[in-house]
file structure10.csv (CSV, C-alpha atoms and all ligand atoms)
chain,number,residue,atom,x,y,z
R,1,MET,CA,32.6,-17.0,-31.4
R,2,LYS,CA,32.9,-19.3,-28.4
R,3,LYS,CA,36.5,-20.4,-27.7
R,4,GLU,CA,37.0,-24.1,-28.1
R,5,ASN,CA,38.2,-26.0,-25.0
R,6,LYS,CA,41.2,-27.8,-26.4
R,7,SER,CA,41.9,-29.9,-23.3
R,8,ALA,CA,42.0,-33.6,-23.8
R,9,LEU,CA,40.3,-34.0,-20.4
R,10,ARG,CA,36.8,-33.4,-21.4
R,11,VAL,CA,33.9,-34.5,-19.3
R,12,GLN,CA,30.5,-35.6,-20.6
R,13,ASN,CA,28.3,-33.1,-22.2
R,14,GLY,CA,25.9,-31.5,-19.7
R,15,ILE,CA,28.4,-31.8,-16.8
R,16,GLU,CA,30.2,-28.7,-15.8
R,17,GLN,CA,33.6,-28.6,-17.4
R,18,PRO,CA,36.3,-28.5,-14.8
R,19,LEU,CA,39.2,-26.2,-15.1
R,20,HIS,CA,42.1,-27.7,-17.1
R,21,VAL,CA,44.6,-25.3,-15.7
R,22,ASN,CA,46.1,-25.6,-12.2
R,23,GLU,CA,44.0,-23.4,-10.1
R,24,LYS,CA,47.0,-21.8,-8.4
R,25,VAL,CA,48.5,-20.9,-11.8
R,26,LEU,CA,45.2,-19.6,-12.9
R,27,SER,CA,44.8,-17.4,-9.9
R,28,LYS,CA,48.3,-15.9,-10.5
R,29,LEU,CA,47.4,-15.3,-14.1
R,30,LEU,CA,44.2,-13.6,-13.1
R,31,GLU,CA,45.8,-11.5,-10.5
R,32,LYS,CA,47.9,-10.1,-13.3
R,33,LYS,CA,44.8,-9.7,-15.5
R,34,ASN,CA,42.9,-8.1,-12.6
R,35,LYS,CA,45.2,-5.2,-12.7
R,36,LYS,CA,43.5,-4.4,-16.0
R,37,ILE,CA,40.1,-4.3,-14.4
R,38,ASP,CA,39.5,-0.6,-13.9
R,39,LEU,CA,37.2,-0.5,-10.9
R,40,GLU,CA,37.1,3.3,-11.0
R,41,LYS,CA,35.9,3.3,-14.6
R,42,ILE,CA,33.2,0.8,-13.8
R,43,PHE,CA,32.1,2.7,-10.7
R,44,LYS,CA,32.0,6.1,-12.5
R,45,GLY,CA,30.3,4.4,-15.5
R,46,ILE,CA,27.6,3.0,-13.2
R,47,LEU,CA,26.9,6.4,-11.7
R,48,ALA,CA,26.7,7.9,-15.2
R,49,HIS,CA,24.0,5.3,-16.1
R,50,ASP,CA,26.3,3.5,-18.5
R,51,ARG,CA,24.8,0.1,-19.2
R,52,VAL,CA,28.0,-1.4,-20.5
R,53,GLU,CA,29.9,-0.6,-17.3
R,54,LEU,CA,27.0,-1.8,-15.3
R,55,SER,CA,27.2,-5.1,-17.1
R,56,LYS,CA,30.9,-5.3,-16.4
R,57,GLY,CA,30.2,-4.7,-12.7
R,58,ILE,CA,27.6,-7.5,-12.6
R,59,THR,CA,30.0,-9.8,-14.4
R,60,LEU,CA,32.5,-9.1,-11.5
R,61,ILE,CA,29.8,-10.0,-9.0
R,62,GLU,CA,29.0,-13.2,-10.8
R,63,SER,CA,32.6,-14.3,-11.0
R,64,ASN,CA,33.6,-17.1,-8.6
R,65,LEU,CA,37.3,-16.2,-8.6
R,66,PRO,CA,38.4,-14.9,-5.2
R,67,ALA,CA,40.3,-12.0,-6.7
R,68,HIS,CA,37.2,-10.9,-8.6
R,69,GLN,CA,35.0,-11.3,-5.5
R,70,ASP,CA,37.3,-8.8,-3.6
R,71,LEU,CA,36.9,-6.3,-6.4
R,72,ALA,CA,33.1,-6.9,-6.5
R,73,GLN,CA,32.8,-6.3,-2.8
R,74,GLN,CA,34.7,-3.0,-3.1
R,75,LEU,CA,32.4,-2.0,-6.0
R,76,ILE,CA,29.3,-2.9,-4.0
R,77,GLU,CA,30.5,-0.9,-1.0
R,78,ARG,CA,31.0,2.1,-3.2
R,79,CYS,CA,27.7,1.8,-4.9
R,80,LEU,CA,25.7,1.3,-1.6
R,81,PRO,CA,25.3,5.0,-0.8
R,82,TYR,CA,23.6,5.5,-4.2
R,83,ALA,CA,21.4,2.5,-3.9
R,84,GLY,CA,18.0,1.8,-2.4
R,85,ASN,CA,16.0,4.3,-4.3
R,86,SER,CA,13.8,1.9,-6.3
R,87,ILE,CA,10.7,-0.2,-6.1
R,88,ARG,CA,11.7,-3.9,-6.2
R,89,ILE,CA,9.1,-6.3,-7.6
R,90,GLY,CA,9.3,-10.1,-7.6
R,91,ILE,CA,7.5,-12.1,-10.2
R,92,THR,CA,7.0,-15.8,-10.0
R,93,GLY,CA,4.9,-18.4,-11.7
R,94,ALA,CA,5.1,-21.9,-13.2
R,95,PRO,CA,7.0,-22.2,-16.5
R,96,GLY,CA,4.6,-21.2,-19.3
R,97,SER,CA,2.4,-19.0,-17.1
R,98,GLY,CA,3.6,-15.9,-19.0
R,99,LYS,CA,6.2,-14.3,-16.8
R,100,SER,CA,8.4,-13.1,-19.7
R,101,THR,CA,5.4,-11.9,-21.6
R,102,PHE,CA,4.2,-10.0,-18.6
R,103,ILE,CA,7.6,-8.5,-17.9
R,104,GLU,CA,7.8,-7.3,-21.5
R,105,ALA,CA,4.3,-5.7,-21.2
R,106,LEU,CA,4.9,-4.2,-17.7
R,107,GLY,CA,8.4,-3.0,-18.6
R,108,ASN,CA,7.3,-1.2,-21.7
R,109,TYR,CA,4.3,0.3,-19.8
R,110,LEU,CA,6.7,1.6,-17.1
R,111,ILE,CA,9.2,3.0,-19.6
R,112,ASN,CA,6.3,4.9,-21.3
R,113,HIS,CA,5.7,6.3,-17.8
R,114,GLN,CA,9.2,7.7,-17.6
R,115,HIS,CA,10.7,4.9,-15.5
R,116,HIS,CA,14.0,3.1,-15.9
R,117,VAL,CA,13.5,-0.6,-15.6
R,118,ALA,CA,16.1,-3.3,-14.7
R,119,VAL,CA,15.1,-7.0,-15.0
R,120,LEU,CA,17.1,-9.6,-13.1
R,121,ALA,CA,16.4,-13.2,-12.4
R,122,ILE,CA,17.0,-16.0,-9.9
R,123,ASP,CA,17.1,-19.3,-11.6
R,124,PRO,CA,19.3,-21.8,-9.7
R,125,SER,CA,18.2,-24.5,-12.2
R,126,SER,CA,19.7,-22.8,-15.2
R,127,HIS,CA,23.0,-24.6,-15.1
R,128,ILE,CA,21.2,-27.9,-15.1
R,129,SER,CA,18.7,-27.1,-17.8
R,130,GLY,CA,21.3,-25.4,-19.9
R,131,GLY,CA,19.0,-22.5,-20.8
R,132,SER,CA,18.2,-19.8,-18.2
R,133,ILE,CA,15.2,-17.7,-17.8
R,134,LEU,CA,15.7,-14.3,-19.5
R,135,GLY,CA,18.5,-16.0,-21.4
R,136,ASP,CA,16.4,-15.9,-24.5
R,137,LYS,CA,16.0,-12.1,-25.0
R,138,THR,CA,13.9,-12.5,-28.1
R,139,ARG,CA,11.1,-13.1,-25.7
R,140,MET,CA,11.5,-9.5,-24.6
R,141,GLU,CA,12.3,-8.0,-27.9
R,142,LYS,CA,10.9,-4.5,-27.5
R,143,LEU,CA,12.1,-4.1,-23.9
R,144,SER,CA,15.6,-5.3,-24.5
R,145,ALA,CA,15.9,-2.8,-27.3
R,146,SER,CA,15.0,0.2,-25.1
R,147,PRO,CA,17.8,2.4,-23.8
R,148,HIS,CA,15.8,2.7,-20.6
R,149,ALA,CA,15.8,-1.0,-19.8
R,150,PHE,CA,18.5,-3.3,-18.6
R,151,ILE,CA,18.0,-7.1,-18.8
R,152,ARG,CA,20.3,-9.6,-17.2
R,153,PRO,CA,19.8,-13.3,-17.2
R,154,SER,CA,20.2,-15.3,-13.9
R,155,PRO,CA,23.8,-15.9,-12.9
R,156,SER,CA,24.3,-19.5,-13.9
R,157,GLY,CA,25.5,-22.4,-11.8
R,158,GLY,CA,25.9,-22.8,-8.1
R,159,ILE,CA,23.5,-23.3,-5.3
R,160,LEU,CA,20.4,-21.2,-4.7
R,161,GLY,CA,22.0,-19.2,-1.9
R,162,GLY,CA,24.9,-18.1,-4.1
R,163,VAL,CA,22.7,-17.3,-7.1
R,164,ALA,CA,20.4,-15.3,-4.9
R,165,ARG,CA,23.2,-13.4,-3.2
R,166,LYS,CA,24.6,-12.4,-6.6
R,167,THR,CA,21.1,-11.2,-7.7
R,168,LYS,CA,20.7,-9.1,-4.5
R,169,GLU,CA,24.1,-7.5,-5.1
R,170,SER,CA,23.3,-6.8,-8.7
R,171,ILE,CA,20.2,-4.9,-7.5
R,172,ILE,CA,22.5,-2.5,-5.7
R,173,LEU,CA,24.5,-1.8,-8.9
R,174,CYS,CA,21.3,-1.4,-10.9
R,175,GLU,CA,19.9,1.1,-8.4
R,176,ALA,CA,23.2,3.1,-8.4
R,177,ALA,CA,22.9,3.1,-12.2
R,178,GLY,CA,19.6,5.0,-11.9
R,179,PHE,CA,17.1,2.2,-12.5
R,180,ASP,CA,14.1,3.0,-10.3
R,181,ILE,CA,12.1,-0.1,-10.9
R,182,ILE,CA,13.7,-3.5,-10.5
R,183,LEU,CA,11.9,-6.6,-11.6
R,184,ILE,CA,13.1,-9.9,-10.3
R,185,GLU,CA,11.9,-12.9,-12.2
R,186,THR,CA,12.0,-16.4,-10.7
R,187,VAL,CA,10.8,-19.8,-11.7
R,188,GLY,CA,8.1,-21.3,-9.6
R,189,VAL,CA,10.1,-24.4,-8.7
R,190,GLY,CA,12.2,-25.2,-5.7
R,191,GLN,CA,12.8,-22.6,-3.1
R,192,SER,CA,13.6,-19.8,-5.4
R,193,GLU,CA,10.5,-17.9,-4.6
R,194,ILE,CA,11.6,-17.6,-1.0
R,195,ALA,CA,14.9,-16.2,-2.1
R,196,ALA,CA,13.2,-13.7,-4.4
R,197,HIS,CA,10.7,-12.8,-1.7
R,198,SER,CA,13.5,-12.0,0.7
R,199,MET,CA,14.8,-9.1,-1.6
R,200,VAL,CA,11.7,-7.4,-3.0
R,201,ASP,CA,9.2,-4.9,-1.7
R,202,PHE,CA,6.2,-6.5,-3.6
R,203,PHE,CA,5.8,-10.1,-4.7
R,204,THR,CA,3.6,-11.2,-7.5
R,205,LEU,CA,2.4,-14.6,-8.6
R,206,ILE,CA,1.4,-15.1,-12.3
R,207,HIS,CA,-1.2,-17.8,-12.6
R,208,ILE,CA,-3.0,-19.4,-15.5
R,209,PRO,CA,-6.5,-20.8,-14.9
R,210,GLY,CA,-6.5,-24.6,-14.4
R,211,ALA,CA,-9.2,-27.2,-14.7
R,212,GLY,CA,-11.4,-26.3,-11.8
R,213,ASP,CA,-9.8,-26.4,-8.4
R,214,GLU,CA,-7.5,-23.3,-8.7
R,215,LEU,CA,-5.6,-23.7,-5.5
R,216,GLN,CA,-4.5,-27.2,-6.5
R,217,GLY,CA,-2.5,-25.5,-9.3
R,218,ILE,CA,-0.8,-23.1,-6.9
R,219,LYS,CA,2.3,-24.3,-5.1
R,220,ARG,CA,1.9,-24.8,-1.3
R,221,GLY,CA,3.0,-22.0,0.8
R,222,ILE,CA,3.2,-19.5,-2.0
R,223,MET,CA,-0.1,-17.7,-1.0
R,224,GLU,CA,1.6,-16.7,2.2
R,225,LEU,CA,4.3,-14.9,0.3
R,226,VAL,CA,2.4,-13.0,-2.3
R,227,ASP,CA,1.1,-9.4,-2.4
R,228,ALA,CA,-0.7,-10.0,-5.8
R,229,VAL,CA,-2.0,-12.9,-7.8
R,230,LEU,CA,-2.4,-12.1,-11.5
R,231,ILE,CA,-4.5,-14.5,-13.6
R,232,ASN,CA,-3.0,-14.4,-17.0
R,233,LYS,CA,-4.4,-15.2,-20.4
R,234,ALA,CA,-7.7,-13.7,-19.3
R,235,GLU,CA,-9.0,-13.0,-22.8
R,236,GLN,CA,-11.5,-14.2,-25.4
R,237,GLU,CA,-12.6,-17.8,-24.7
R,238,ASN,CA,-10.4,-18.0,-21.7
R,239,LEU,CA,-12.1,-15.1,-19.9
R,240,PHE,CA,-14.8,-17.0,-18.2
R,241,LYS,CA,-12.4,-19.6,-16.8
R,242,ALA,CA,-10.2,-16.7,-15.6
R,243,GLN,CA,-13.0,-15.0,-13.8
R,244,LEU,CA,-13.9,-18.3,-12.1
R,245,ALA,CA,-10.3,-18.7,-11.0
R,246,ARG,CA,-10.2,-15.2,-9.7
R,247,ASP,CA,-13.4,-15.8,-7.6
R,248,GLN,CA,-12.0,-19.0,-6.2
R,249,ILE,CA,-8.7,-17.4,-5.2
R,250,GLN,CA,-10.4,-14.4,-3.7
R,251,ASN,CA,-12.6,-16.8,-1.7
R,252,ALA,CA,-9.7,-18.8,-0.4
R,253,LEU,CA,-7.9,-15.6,0.6
R,254,HIS,CA,-10.8,-14.7,2.9
R,255,TYR,CA,-9.8,-17.6,5.1
R,256,MET,CA,-6.2,-16.5,5.3
R,257,PRO,CA,-4.7,-13.8,7.5
R,258,ILE,CA,-4.2,-10.4,6.0
R,259,PRO,CA,-0.5,-10.1,5.0
R,260,PRO,CA,1.9,-8.3,7.4
R,261,SER,CA,1.7,-5.2,5.2
R,262,GLY,CA,-1.9,-4.7,6.3
R,263,ILE,CA,-3.0,-4.6,2.6
R,264,PRO,CA,-5.1,-7.4,1.3
R,265,VAL,CA,-3.7,-9.5,-1.6
R,266,PHE,CA,-4.6,-8.0,-4.9
R,267,VAL,CA,-6.2,-10.5,-7.3
R,268,GLY,CA,-6.5,-9.3,-10.9
R,269,LEU,CA,-7.1,-10.5,-14.4
R,270,ILE,CA,-4.5,-9.7,-17.1
R,271,SER,CA,-3.6,-10.6,-20.6
R,272,ALA,CA,0.1,-10.1,-20.8
R,273,LEU,CA,0.0,-10.8,-24.5
R,274,TYR,CA,-2.6,-8.2,-25.3
R,275,GLU,CA,-1.2,-5.9,-22.6
R,276,GLU,CA,-4.5,-5.7,-20.7
R,277,GLY,CA,-4.8,-5.2,-16.9
R,278,ILE,CA,-1.3,-3.9,-16.6
R,279,ASP,CA,-2.4,-0.4,-15.6
R,280,VAL,CA,-4.8,-1.7,-12.9
R,281,PHE,CA,-2.0,-3.8,-11.5
R,282,TRP,CA,0.5,-0.9,-11.5
R,283,ASN,CA,-2.0,1.4,-9.8
R,284,HIS,CA,-2.3,-1.2,-7.1
R,285,VAL,CA,1.5,-1.4,-6.7
R,286,MET,CA,1.6,2.4,-6.4
R,287,PHE,CA,-1.1,2.3,-3.8
R,288,TYR,CA,0.8,-0.4,-1.9
R,289,VAL,CA,4.0,1.6,-1.9
R,290,GLU,CA,2.4,4.8,-0.8
R,291,LYS,CA,0.5,3.1,2.0
R,292,THR,CA,3.4,1.1,3.3
R,293,ARG,CA,5.7,4.1,3.1
R,294,GLN,CA,3.2,6.0,5.2
R,295,SER,CA,2.9,3.2,7.7
R,296,GLY,CA,6.7,2.6,7.8
R,297,PHE,CA,6.2,-1.0,6.8
R,298,PHE,CA,8.1,-0.5,3.5
R,299,TYR,CA,11.3,0.6,5.3
R,300,GLN,CA,10.9,-1.9,8.2
R,301,LYS,CA,10.6,-4.8,5.7
R,302,ARG,CA,13.8,-3.7,3.9
R,303,LYS,CA,15.7,-3.5,7.2
R,304,MET,CA,14.4,-6.9,8.3
R,305,GLN,CA,15.6,-8.3,4.9
R,306,GLU,CA,19.1,-6.9,5.7
R,307,VAL,CA,19.1,-8.4,9.2
R,308,ASN,CA,17.9,-11.8,7.8
R,309,ARG,CA,20.6,-11.6,5.1
R,310,PHE,CA,23.2,-11.1,7.7
R,311,GLU,CA,22.1,-14.2,9.6
R,312,GLN,CA,21.9,-16.2,6.4
R,313,THR,CA,25.4,-15.2,5.4
R,314,LEU,CA,26.7,-16.0,8.8
R,315,ILE,CA,25.2,-19.5,8.7
R,316,GLU,CA,26.7,-20.0,5.2
R,317,LEU,CA,30.1,-18.9,6.4
R,318,PHE,CA,30.0,-21.2,9.5
R,319,MET,CA,28.8,-24.1,7.4
R,320,ASP,CA,31.5,-23.6,4.9
R,321,HIS,CA,34.1,-23.5,7.6
R,322,ILE,CA,32.8,-26.7,9.2
R,323,ARG,CA,32.7,-28.5,5.8
R,324,HIS,CA,36.3,-27.7,5.1
R,325,HIS,CA,37.7,-28.3,8.6
R,326,PRO,CA,40.1,-31.3,8.3
R,327,GLU,CA,39.7,-32.4,11.9
R,328,ILE,CA,35.9,-32.3,11.9
R,329,ASN,CA,35.9,-34.1,8.6
R,330,ARG,CA,38.2,-36.8,9.9
R,331,ILE,CA,36.0,-37.5,13.0
R,332,LYS,CA,32.9,-37.2,10.8
R,333,THR,CA,34.1,-39.9,8.5
R,334,GLU,CA,34.8,-42.2,11.5
R,335,LEU,CA,31.3,-41.6,12.9
R,336,GLU,CA,29.8,-42.2,9.5
R,337,GLN,CA,31.4,-45.7,9.5
R,338,LEU,CA,30.0,-46.4,12.9
R,339,ILE,CA,26.5,-45.3,11.9
R,340,PHE,CA,26.7,-47.4,8.7
R,341,HIS,CA,27.6,-50.5,10.8
R,342,GLN,CA,24.8,-49.6,13.3
R,343,LYS,CA,27.3,-49.1,16.2
R,344,ILE,CA,25.9,-45.7,17.0
R,345,SER,CA,22.7,-43.8,16.3
R,346,PRO,CA,22.9,-40.8,14.0
R,347,TYR,CA,21.6,-38.6,16.8
R,348,THR,CA,24.3,-39.7,19.3
R,349,ALA,CA,27.0,-39.3,16.7
R,350,ALA,CA,25.9,-35.8,15.8
R,351,ILE,CA,25.8,-34.8,19.5
R,352,GLN,CA,29.2,-36.3,20.0
R,353,LEU,CA,30.8,-34.3,17.2
R,354,TYR,CA,28.9,-31.2,18.1
R,355,GLU,CA,30.0,-31.3,21.8
R,356,LYS,CA,33.6,-31.8,20.8
R,357,PHE,CA,33.7,-28.7,18.6
R,358,LYS,CA,31.2,-26.3,20.0
R,359,LEU,CA,32.5,-23.0,21.4
R,360,PRO,CA,32.5,-22.6,25.1
R,361,SER,CA,29.5,-20.5,26.2
R,362,LYS,CA,31.5,-18.6,28.8
R,401,LIG,P1,7.1,-18.0,-18.9
R,401,LIG,O1,7.7,-19.4,-19.1
R,401,LIG,O2,6.3,-18.0,-17.6
R,401,LIG,O3,8.1,-16.9,-19.0
R,401,LIG,O4,6.0,-17.8,-20.0
R,401,LIG,P2,6.1,-17.0,-21.4
R,401,LIG,O5,6.0,-15.6,-21.2
R,401,LIG,O6,7.3,-17.5,-22.2
R,401,LIG,O7,4.7,-17.5,-22.1
R,401,LIG,C1,4.4,-18.8,-22.4
R,401,LIG,C2,3.5,-18.9,-23.6
R,401,LIG,O8,2.3,-18.3,-23.2
R,401,LIG,C3,4.0,-18.1,-24.8
R,401,LIG,O9,3.7,-18.8,-25.9
R,401,LIG,C4,3.3,-16.8,-24.7
R,401,LIG,O10,3.1,-16.2,-26.0
R,401,LIG,C5,1.9,-17.2,-24.1
R,401,LIG,N1,1.3,-16.2,-23.4
R,401,LIG,C6,1.8,-15.4,-22.4
R,401,LIG,N2,0.9,-14.5,-22.0
R,401,LIG,C7,-0.2,-14.7,-22.7
R,401,LIG,C8,-1.5,-14.1,-22.7
R,401,LIG,O11,-1.8,-13.1,-22.0
R,401,LIG,N3,-2.4,-14.6,-23.6
R,401,LIG,C9,-2.2,-15.7,-24.4
R,401,LIG,N4,-3.1,-16.1,-25.2
R,401,LIG,N5,-1.0,-16.2,-24.4
R,401,LIG,C10,0.0,-15.8,-23.6
call {"tool": "encode", "arguments": {"input": "structure10.csv", "output": "structure tokens"}}
result
Amino acid sequence: MKKENKSALRVQNGIEQPLHVNEKVLSKLLEKKNKKIDLEKIFKGILAHDRVELSKGITLIESNLPAHQDLAQQLIERCLPYAGNSIRIGITGAPGSGKSTFIEALGNYLINHQHHVAVLAIDPSSHISGGSILGDKTRMEKLSASPHAFIRPSPSGGILGGVARKTKESIILCEAAGFDIILIETVGVGQSEIAAHSMVDFFTLIHIPGAGDELQGIKRGIMELVDAVLINKAEQENLFKAQLARDQIQNALHYMPIPPSGIPVFVGLISALYEEGIDVFWNHVMFYVEKTRQSGFFYQKRKMQEVNRFEQTLIELFMDHIRHHPEINRIKTELEQLIFHQKISPYTAAIQLYEKFKLPSK
């Protein structure tokens, strides 16, 4: 049962409840409690494919407490040598397009083919909407009951960068725990596809046929990211519409450059509900993986993803440092006043502040 928050200082429903204990006191208490976190047990459990210990490890990654983050980084470092040995697949699509149903169908298909499947998610909106994707496991009933599957909802709360980083770190733990196929679900809203794309080997869009102009229904920019478009609900009276959609998308792809992998985008019809088209899709993924491993693109892409992540993290660290720097903040507030009263242009103000604090180049 959920513990009641007894504090009198409650905020409105729907707004994140602030801590009602002094943070410093809490930190001390947690330091004590942390002694009880047995990192060795979690690490050994992960290597022994223990899903309970894997869950504990991911909970550590998802925690925002500095003491937990230290432990999480230690755990990740230890798991790294055992990670990397999987195929990482991103799945995006508008709400209702059938992502969960597809993951249930694909996951079960893969388990029947002797794979171990972990399902993770990136859903930065989950703390706003209250419910997260994958939160409702009844949508993946059979898969979540399988001992060869591991399903984890999106870490809730926080900005996209943070949520995505936690998902990426969770991939490392899942791989160390022996999961050889990692499915990353993301909602087709905001920038979350770009985040998911930056950590997978193969990126898939689930699309349901619209009312004529198919490309209208597909978010701008997404076609440049995808390795496959799956047109879902392609069954019975929907089949004709789905075929039309497929032809239109194929046609549009002819006018776009071939993806950097050198392999044309796969466009297929599926019925996630009736488990149709899953095998054809998976055969294509296998073909893609084989070809890109042969050409070296598979490994090169992963290395580039790491380099990009380094840059991204560095930018985040610098930004964080700047945001919390008292002197920068003091001058920034002064400049904001000047801009507000039209005494200085935003550009000049920004340059002034930047020039004052930039590092000398020599
Ligand atoms: P998500 O929001 O993208 O995860 O979509 P869901 O997987 O929850 O599916 C949304 C609705 O579409 C549910 O009612 C599903 O049962 C239904 N659905 C999903 N795939 C298919 C399909 O292949 N055929 C049909 N007819 N319905 C489907």
call {"tool": "residues_near_ligand", "arguments": {"input": "structure10.csv", "ligand": "ligand LIG 401 (chain R)", "cutoff": "10 Å", "atoms": "all atoms listed in the file", "output": "PyMOL selection string"}}
result
chain R and resi 91-105+133-134+136+139-140+185-188+206-208+231-238+269-277
call {"tool": "closest_residue", "arguments": {"input": "structure10.csv", "among": "R:Leu110, R:Leu39, R:Ala164, R:His254", "to": "Gln312 of chain R", "atoms": "only C-alpha atoms"}}
result
R:Ala164
call {"tool": "atom_distance", "arguments": {"input": "structure10.csv", "atom1": "atom CA of His197 of chain R", "atom2": "atom CA of Val307 of chain R"}}
result
14.4 Å
call {"tool": "residues_around", "arguments": {"input": "structure10.csv", "residues": "Pro259 of chain R", "least_positions_apart": "4", "cutoff": "8 Å", "atoms": "all atoms listed in the file", "output": "PyMOL selection string"}}
result
chain R and resi 224+227+263-265
call {"tool": "atom_distance", "arguments": {"input": "structure10.csv", "atom1": "atom CA of Asp279 of chain R", "atom2": "atom CA of Gln114 of chain R"}}
result
14.3 Å
call {"tool": "atom_distance", "arguments": {"input": "structure10.csv", "atom1": "atom CA of Phe266 of chain R", "atom2": "atom CA of Ser144 of chain R"}}
result
28.3 Å
call {"tool": "residues_around", "arguments": {"input": "structure10.csv", "residues": "segment 167-180 of chain R", "least_positions_apart": "5", "cutoff": "8 Å", "atoms": "only C-alpha atoms", "output": "mmCIF file with C-alpha atoms, in the coordinates of the input"}}
result
data_model
loop_
_atom_site.group_PDB
_atom_site.id
_atom_site.type_symbol
_atom_site.label_atom_id
_atom_site.label_comp_id
_atom_site.auth_asym_id
_atom_site.auth_seq_id
_atom_site.Cartn_x
_atom_site.Cartn_y
_atom_site.Cartn_z
ATOM 1 C CA ILE R 46 27.600 3.000 -13.200
ATOM 2 C CA LEU R 47 26.900 6.400 -11.700
ATOM 3 C CA ALA R 48 26.700 7.900 -15.200
ATOM 4 C CA HIS R 49 24.000 5.300 -16.100
ATOM 5 C CA ASP R 50 26.300 3.500 -18.500
ATOM 6 C CA ARG R 51 24.800 0.100 -19.200
ATOM 7 C CA LEU R 54 27.000 -1.800 -15.300
ATOM 8 C CA GLY R 57 30.200 -4.700 -12.700
ATOM 9 C CA ILE R 58 27.600 -7.500 -12.600
ATOM 10 C CA ILE R 61 29.800 -10.000 -9.000
ATOM 11 C CA ILE R 76 29.300 -2.900 -4.000
ATOM 12 C CA CYS R 79 27.700 1.800 -4.900
ATOM 13 C CA LEU R 80 25.700 1.300 -1.600
ATOM 14 C CA TYR R 82 23.600 5.500 -4.200
ATOM 15 C CA ALA R 83 21.400 2.500 -3.900
ATOM 16 C CA GLY R 84 18.000 1.800 -2.400
ATOM 17 C CA ASN R 85 16.000 4.300 -4.300
ATOM 18 C CA SER R 86 13.800 1.900 -6.300
ATOM 19 C CA ILE R 87 10.700 -0.200 -6.100
ATOM 20 C CA HIS R 115 10.700 4.900 -15.500
ATOM 21 C CA HIS R 116 14.000 3.100 -15.900
ATOM 22 C CA VAL R 117 13.500 -0.600 -15.600
ATOM 23 C CA ALA R 118 16.100 -3.300 -14.700
ATOM 24 C CA LEU R 120 17.100 -9.600 -13.100
ATOM 25 C CA ALA R 121 16.400 -13.200 -12.400
ATOM 26 C CA ILE R 122 17.000 -16.000 -9.900
ATOM 27 C CA SER R 154 20.200 -15.300 -13.900
ATOM 28 C CA PRO R 155 23.800 -15.900 -12.900
ATOM 29 C CA MET R 199 14.800 -9.100 -1.600
#
call {"tool": "residues_around", "arguments": {"input": "structure10.csv", "residues": "Met286 of chain R", "least_positions_apart": "2", "cutoff": "12 Å", "atoms": "only C-alpha atoms", "output": "list in words"}}
result
Ile87, Arg88, Ile89, Leu110, Ile181, Asp201, Phe202, Asp279, Val280, Phe281, Trp282, Asn283, His284, Tyr288, Val289, Glu290, Lys291, Thr292 and Arg293 of chain R
call {"tool": "closest_residue", "arguments": {"input": "structure10.csv", "among": "R:Lys219, R:His68, R:Arg78, R:Lys303", "to": "Phe43 of chain R", "atoms": "all atoms listed in the file"}}
result
R:Arg78
